[in-house]
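One file, target.csv, carrying CSV, C-alpha atoms:
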chain,number,residue,atom,x,y,z
U,1,MET,CA,3.2,107.7,196.3
U,2,GLN,CA,5.1,110.4,198.3
U,3,GLY,CA,2.6,113.2,197.6
U,4,ASP,CA,-0.4,111.0,198.3
U,5,ALA,CA,-0.4,111.7,202.1
U,6,ALA,CA,-0.2,115.4,201.5
U,7,MET,CA,-2.9,115.3,198.8
U,8,ALA,CA,-5.1,113.2,201.1
U,9,ALA,CA,-4.6,115.8,203.8
U,10,LEU,CA,-5.7,118.5,201.4
U,11,GLY,CA,-8.8,116.6,200.6
U,12,VAL,CA,-9.6,116.2,204.2
U,13,ALA,CA,-8.9,119.9,204.8
U,14,GLY,CA,-11.3,120.7,202.0
U,15,VAL,CA,-14.1,118.7,203.7
U,16,VAL,CA,-13.4,120.6,207.0
U,17,LEU,CA,-13.7,123.8,205.0
U,18,LEU,CA,-17.0,122.6,203.6
U,19,LEU,CA,-18.2,122.0,207.2
U,20,VAL,CA,-17.0,125.5,208.2
U,21,HIS,CA,-19.1,127.0,205.3
U,22,ILE,CA,-22.1,124.9,206.4
U,23,ALA,CA,-21.7,126.0,210.0
U,24,ALA,CA,-21.4,129.7,209.0
U,25,GLN,CA,-24.6,129.4,206.9
U,26,VAL,CA,-26.6,127.4,209.5
U,27,THR,CA,-25.6,129.6,212.4
U,28,SER,CA,-26.3,132.9,210.6
U,29,VAL,CA,-29.7,131.8,209.3
U,30,THR,CA,-30.7,130.3,212.6
U,31,ARG,CA,-29.8,133.7,214.3
U,32,GLU,CA,-32.0,135.4,211.7
U,33,ARG,CA,-35.0,133.1,211.6
U,34,GLY,CA,-34.8,131.2,214.9
U,35,SER,CA,-34.2,127.6,215.9
U,36,ALA,CA,-37.9,126.7,215.3
U,37,TRP,CA,-37.4,127.6,211.6
U,38,ASN,CA,-34.1,125.7,211.5
U,39,ALA,CA,-35.8,122.5,212.9
U,40,SER,CA,-38.7,122.9,210.4
U,41,PRO,CA,-38.9,121.3,207.0
U,42,ARG,CA,-38.6,124.8,205.5
U,43,ASP,CA,-41.2,124.1,202.9
U,44,GLU,CA,-41.6,127.8,202.0
U,45,GLY,CA,-38.1,127.7,200.5
U,46,SER,CA,-37.3,131.3,201.2
U,47,ALA,CA,-33.8,132.6,201.1
U,48,PRO,CA,-32.3,134.4,204.1
U,49,SER,CA,-33.2,138.0,204.1
U,50,GLY,CA,-30.5,139.3,206.4
U,51,LYS,CA,-27.2,140.6,204.9
U,52,PHE,CA,-24.9,138.3,206.8
U,53,ALA,CA,-27.0,135.2,206.5
U,54,GLY,CA,-27.5,135.9,202.8
U,55,ARG,CA,-23.8,136.2,202.3
U,56,ALA,CA,-23.1,133.0,204.2
U,57,ASP,CA,-25.7,131.2,202.1
U,58,ARG,CA,-24.2,132.5,198.8
U,59,ALA,CA,-20.6,131.7,199.9
U,60,LEU,CA,-21.7,128.2,200.7
U,61,ARG,CA,-23.3,127.8,197.3
U,62,ASN,CA,-20.2,129.2,195.6
U,63,PHE,CA,-18.0,126.8,197.5
U,64,GLN,CA,-20.3,123.9,196.5
U,65,GLU,CA,-19.7,124.9,192.8
U,66,THR,CA,-16.0,124.2,192.9
U,67,PHE,CA,-15.6,121.6,195.6
U,68,PRO,CA,-16.7,118.7,193.4
U,69,ALA,CA,-14.0,119.6,190.9
U,70,PHE,CA,-11.4,119.8,193.7
U,71,VAL,CA,-12.4,116.3,195.0
U,72,LEU,CA,-12.3,114.9,191.5
U,73,LEU,CA,-8.8,116.3,190.9
U,74,VAL,CA,-7.5,115.1,194.2
U,75,ALA,CA,-8.7,111.6,193.4
U,76,LEU,CA,-7.3,111.7,189.8
U,77,LEU,CA,-3.9,112.9,191.1
U,78,MET,CA,-3.7,110.2,193.6
U,79,LEU,CA,-4.9,107.5,191.3
U,80,ARG,CA,-2.5,108.5,188.6
U,81,ASP,CA,0.4,108.8,191.1
U,82,ARG,CA,0.8,112.5,190.3
U,83,ALA,CA,0.0,114.0,193.7
U,84,ASP,CA,3.1,116.1,193.6
U,85,GLY,CA,4.7,119.2,192.0
U,86,ILE,CA,2.2,121.6,190.4
U,87,GLY,CA,-0.7,119.3,191.3
U,88,LEU,CA,0.0,119.6,195.0
U,89,LEU,CA,0.8,123.3,194.7
U,90,GLY,CA,-2.5,123.8,192.9
U,91,GLY,CA,-4.3,122.0,195.7
U,92,LEU,CA,-2.6,124.2,198.3
U,93,ILE,CA,-3.5,127.3,196.3
U,94,TRP,CA,-7.1,126.2,196.0
U,95,LEU,CA,-7.4,125.5,199.7
U,96,ALA,CA,-5.7,128.7,200.8
U,97,ALA,CA,-7.8,130.8,198.5
U,98,ARG,CA,-11.0,129.2,199.6
U,99,MET,CA,-10.1,129.7,203.2
U,100,VAL,CA,-9.6,133.4,202.6
U,101,TYR,CA,-12.7,133.7,200.4
U,102,LEU,CA,-15.2,133.0,203.1
U,103,PRO,CA,-14.3,135.8,205.5
U,104,LEU,CA,-14.0,138.2,202.5
U,105,TYR,CA,-17.5,137.3,201.3
U,106,LEU,CA,-18.9,137.6,204.8
U,107,ALA,CA,-17.3,141.0,205.2
U,108,GLY,CA,-18.7,142.1,201.9
U,109,ILE,CA,-15.4,142.9,200.2
U,110,PRO,CA,-16.1,142.6,196.5
U,111,ASN,CA,-12.9,143.1,194.3
U,112,LEU,CA,-10.4,141.3,196.5
U,113,ARG,CA,-12.9,138.5,196.9
U,114,THR,CA,-13.0,138.1,193.1
U,115,LEU,CA,-9.2,138.0,192.9
U,116,VAL,CA,-9.1,135.3,195.6
U,117,TRP,CA,-11.8,133.3,193.7
U,118,LEU,CA,-9.6,133.6,190.5
U,119,ALA,CA,-6.6,132.3,192.5
U,120,SER,CA,-8.7,129.3,193.6
U,121,LEU,CA,-9.6,128.7,190.0
U,122,ALA,CA,-5.9,128.9,189.0
U,123,GLY,CA,-5.2,126.2,191.7
U,124,LEU,CA,-7.8,123.9,190.1
U,125,MET,CA,-6.2,124.5,186.7
U,126,LEU,CA,-2.7,123.6,188.0
U,127,MET,CA,-4.2,120.4,189.5
U,128,ALA,CA,-5.9,119.6,186.1
U,129,VAL,CA,-2.7,120.1,184.2
U,130,ARG,CA,-0.8,117.8,186.5
U,131,ALA,CA,-3.5,115.2,186.3
U,132,VAL,CA,-3.2,115.1,182.5
U,133,TYR,CA,0.5,115.8,181.9

Produce structure tokens that represent the structure in this file.
Amino acid sequence: MQGDAAMAALGVAGVVLLLVHIAAQVTSVTRERGSAWNASPRDEGSAPSGKFAGRADRALRNFQETFPAFVLLVALLMLRDRADGIGLLGGLIWLAARMVYLPLYLAGIPNLRTLVWLASLAGLMLMAVRAVY
């Protein structure tokens, strides 16, 4: 139970990071298309055309691809009373890498961004290993 508080804090930090991604995407697209578009139902479904808004949109979608796995692994580690050791380390690695990933993506830095994404994946793998063993 000792690692549960730290793992819970990581889960909450992950949600905060999700909100940061959403804010970056909404702010950049609203700057590009205007507040009237933002308030509309957006039936046309067009993607942002600006460079920064497009990057923010893609970064959000990328985050949304791994966030469910992170949430599941946090829950599993806590339920199995394994929210410590390499599981906790993996969660910290995932969170730190994801925090670095967004500014790298927004700045358009390709190779380092990929390495950071791979680090976040390694963090998830550490969490998965601890959840099972």

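The gap separating atom CA of Leu72 of chain U from atom CA of Arg58 of chain U is 22.5 Å, in Å to one decimal.
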
Contacts of segment 84-91 of chain U within 7 Å, only C-alpha atoms, excl. fewer than 6 positions in-chain, as an NGL selection string: :U and (3 or 7 or 10 or 123-124 or 126-127 or 130)

Check which residues of segment 13-89 of chain U sit at most 12 Å from segment 119-122 of chain U using all atoms listed in the file, and return one row each with the closest pair of atoms and their distance in Å to one decimal, ordered by chain and rising number, as a tab-separated table.
residue	atom	partner	partner_atom	distance
U:Asn62	CA	U:Ser120	CA	11.7
U:Phe63	CA	U:Ser120	CA	10.4
U:Glu65	CA	U:Leu121	CA	11.1
U:Thr66	CA	U:Leu121	CA	8.3
U:Phe67	CA	U:Ser120	CA	10.5
U:Ala69	CA	U:Leu121	CA	10.1
U:Phe70	CA	U:Leu121	CA	9.8
U:Ile86	CA	U:Ala122	CA	11.0
U:Gly87	CA	U:Ala122	CA	11.2
U:Leu89	CA	U:Ala122	CA	10.4

Prev. selection, C-alpha atoms, output as a compact mmCIF listing (two decimals), in the coordinates of the input:
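And here's out.txt as it stands now:
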# COMPACT_ATOMS: atom_id res chain seq x y z
CA ASN U 62 -20.20 129.20 195.60
CA PHE U 63 -18.00 126.80 197.50
CA GLU U 65 -19.70 124.90 192.80
CA THR U 66 -16.00 124.20 192.90
CA PHE U 67 -15.60 121.60 195.60
CA ALA U 69 -14.00 119.60 190.90
CA PHE U 70 -11.40 119.80 193.70
CA ILE U 86 2.20 121.60 190.40
CA GLY U 87 -0.70 119.30 191.30
CA LEU U 89 0.80 123.30 194.70

Using only C-alpha atoms, determine which residues lie at most 12 Å from Asn38 of chain U, disregarding the query and same-chain residues fewer than 3 positions distant; provide the list as a CSV table (one decimal) with C-alpha atoms, in the frame of the given file.
chain,number,residue,atom,x,y,z
U,25,GLN,CA,-24.6,129.4,206.9
U,26,VAL,CA,-26.6,127.4,209.5
U,27,THR,CA,-25.6,129.6,212.4
U,28,SER,CA,-26.3,132.9,210.6
U,29,VAL,CA,-29.7,131.8,209.3
U,30,THR,CA,-30.7,130.3,212.6
U,31,ARG,CA,-29.8,133.7,214.3
U,32,GLU,CA,-32.0,135.4,211.7
U,33,ARG,CA,-35.0,133.1,211.6
U,34,GLY,CA,-34.8,131.2,214.9
U,35,SER,CA,-34.2,127.6,215.9
U,41,PRO,CA,-38.9,121.3,207.0
U,42,ARG,CA,-38.6,124.8,205.5
U,43,ASP,CA,-41.2,124.1,202.9
U,45,GLY,CA,-38.1,127.7,200.5
U,48,PRO,CA,-32.3,134.4,204.1

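Nearest to Pro103 of chain U of all the residues U:Val71, U:Val16, U:Ala59, U:Ala128 is U:Ala59, based on only C-alpha atoms.
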
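Reported to one decimal place, the separation of atom CA of Leu18 of chain U from atom CA of Ala75 of chain U is 17.1 Å.
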
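Of the listed residues (U:Ala47, U:Ala39, U:Val20, U:Ala83), U:Ala83 comes nearest to Asp4 of chain U; the distances count all atoms listed in the file.
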
Residue among U:Tyr133, U:Leu73, U:His21, U:Leu79 lying closest to Tyr105 of chain U, counting only C-alpha atoms: U:His21

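The interatomic distance for the pair atom CA of Leu118 of chain U and atom CA of Leu60 of chain U works out to 16.7 Å.
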
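Ranking U:Met125, U:Val15, U:Ala56, U:Val116 by their shortest atom-to-atom distance to Ala96 of chain U, with all atoms listed in the file included, puts U:Val116 first.
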
With N, CA, C and O atoms as the goal, would you fill in the gaps in segment 66-78 of chain U and present it as a PDB file, keeping the file's coordinate frame?
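The file below, part.pdb, is the result:
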ATOM      1  N   THR U  66     -17.333 124.650 193.234  1.00  0.00           N
ATOM      2  CA  THR U  66     -16.000 124.200 192.900  1.00  0.00           C
ATOM      3  C   THR U  66     -15.485 123.031 193.656  1.00  0.00           C
ATOM      4  O   THR U  66     -14.536 122.371 193.233  1.00  0.00           O
ATOM      5  N   PHE U  67     -16.106 122.739 194.799  1.00  0.00           N
ATOM      6  CA  PHE U  67     -15.600 121.600 195.600  1.00  0.00           C
ATOM      7  C   PHE U  67     -15.665 120.282 194.884  1.00  0.00           C
ATOM      8  O   PHE U  67     -14.708 119.514 195.004  1.00  0.00           O
ATOM      9  N   PRO U  68     -16.702 119.962 194.111  1.00  0.00           N
ATOM     10  CA  PRO U  68     -16.700 118.700 193.400  1.00  0.00           C
ATOM     11  C   PRO U  68     -15.478 118.565 192.430  1.00  0.00           C
ATOM     12  O   PRO U  68     -14.877 117.489 192.306  1.00  0.00           O
ATOM     13  N   ALA U  69     -15.116 119.653 191.769  1.00  0.00           N
ATOM     14  CA  ALA U  69     -14.000 119.600 190.900  1.00  0.00           C
ATOM     15  C   ALA U  69     -12.684 119.369 191.672  1.00  0.00           C
ATOM     16  O   ALA U  69     -11.810 118.594 191.246  1.00  0.00           O
ATOM     17  N   PHE U  70     -12.565 119.996 192.831  1.00  0.00           N
ATOM     18  CA  PHE U  70     -11.400 119.800 193.700  1.00  0.00           C
ATOM     19  C   PHE U  70     -11.310 118.311 194.107  1.00  0.00           C
ATOM     20  O   PHE U  70     -10.240 117.700 194.006  1.00  0.00           O
ATOM     21  N   VAL U  71     -12.419 117.747 194.560  1.00  0.00           N
ATOM     22  CA  VAL U  71     -12.400 116.300 195.000  1.00  0.00           C
ATOM     23  C   VAL U  71     -12.044 115.423 193.838  1.00  0.00           C
ATOM     24  O   VAL U  71     -11.231 114.502 194.000  1.00  0.00           O
ATOM     25  N   LEU U  72     -12.602 115.666 192.661  1.00  0.00           N
ATOM     26  CA  LEU U  72     -12.300 114.900 191.500  1.00  0.00           C
ATOM     27  C   LEU U  72     -10.789 114.945 191.169  1.00  0.00           C
ATOM     28  O   LEU U  72     -10.134 113.931 190.902  1.00  0.00           O
ATOM     29  N   LEU U  73     -10.248 116.146 191.192  1.00  0.00           N
ATOM     30  CA  LEU U  73      -8.800 116.300 190.900  1.00  0.00           C
ATOM     31  C   LEU U  73      -7.926 115.694 191.918  1.00  0.00           C
ATOM     32  O   LEU U  73      -6.894 115.106 191.572  1.00  0.00           O
ATOM     33  N   VAL U  74      -8.290 115.778 193.181  1.00  0.00           N
ATOM     34  CA  VAL U  74      -7.500 115.100 194.200  1.00  0.00           C
ATOM     35  C   VAL U  74      -7.493 113.596 193.944  1.00  0.00           C
ATOM     36  O   VAL U  74      -6.440 112.961 193.974  1.00  0.00           O
ATOM     37  N   ALA U  75      -8.654 113.032 193.642  1.00  0.00           N
ATOM     38  CA  ALA U  75      -8.700 111.600 193.400  1.00  0.00           C
ATOM     39  C   ALA U  75      -7.911 111.219 192.121  1.00  0.00           C
ATOM     40  O   ALA U  75      -7.170 110.235 192.129  1.00  0.00           O
ATOM     41  N   LEU U  76      -8.050 112.005 191.057  1.00  0.00           N
ATOM     42  CA  LEU U  76      -7.300 111.700 189.800  1.00  0.00           C
ATOM     43  C   LEU U  76      -5.788 111.779 190.078  1.00  0.00           C
ATOM     44  O   LEU U  76      -5.035 110.917 189.608  1.00  0.00           O
ATOM     45  N   LEU U  77      -5.345 112.802 190.784  1.00  0.00           N
ATOM     46  CA  LEU U  77      -3.900 112.900 191.100  1.00  0.00           C
ATOM     47  C   LEU U  77      -3.402 111.763 191.876  1.00  0.00           C
ATOM     48  O   LEU U  77      -2.311 111.249 191.604  1.00  0.00           O
ATOM     49  N   MET U  78      -4.170 111.325 192.821  1.00  0.00           N
ATOM     50  CA  MET U  78      -3.700 110.200 193.600  1.00  0.00           C
ATOM     51  C   MET U  78      -3.779 108.885 192.837  1.00  0.00           C
ATOM     52  O   MET U  78      -2.848 108.086 192.905  1.00  0.00           O
TER      53      MET U  78
END
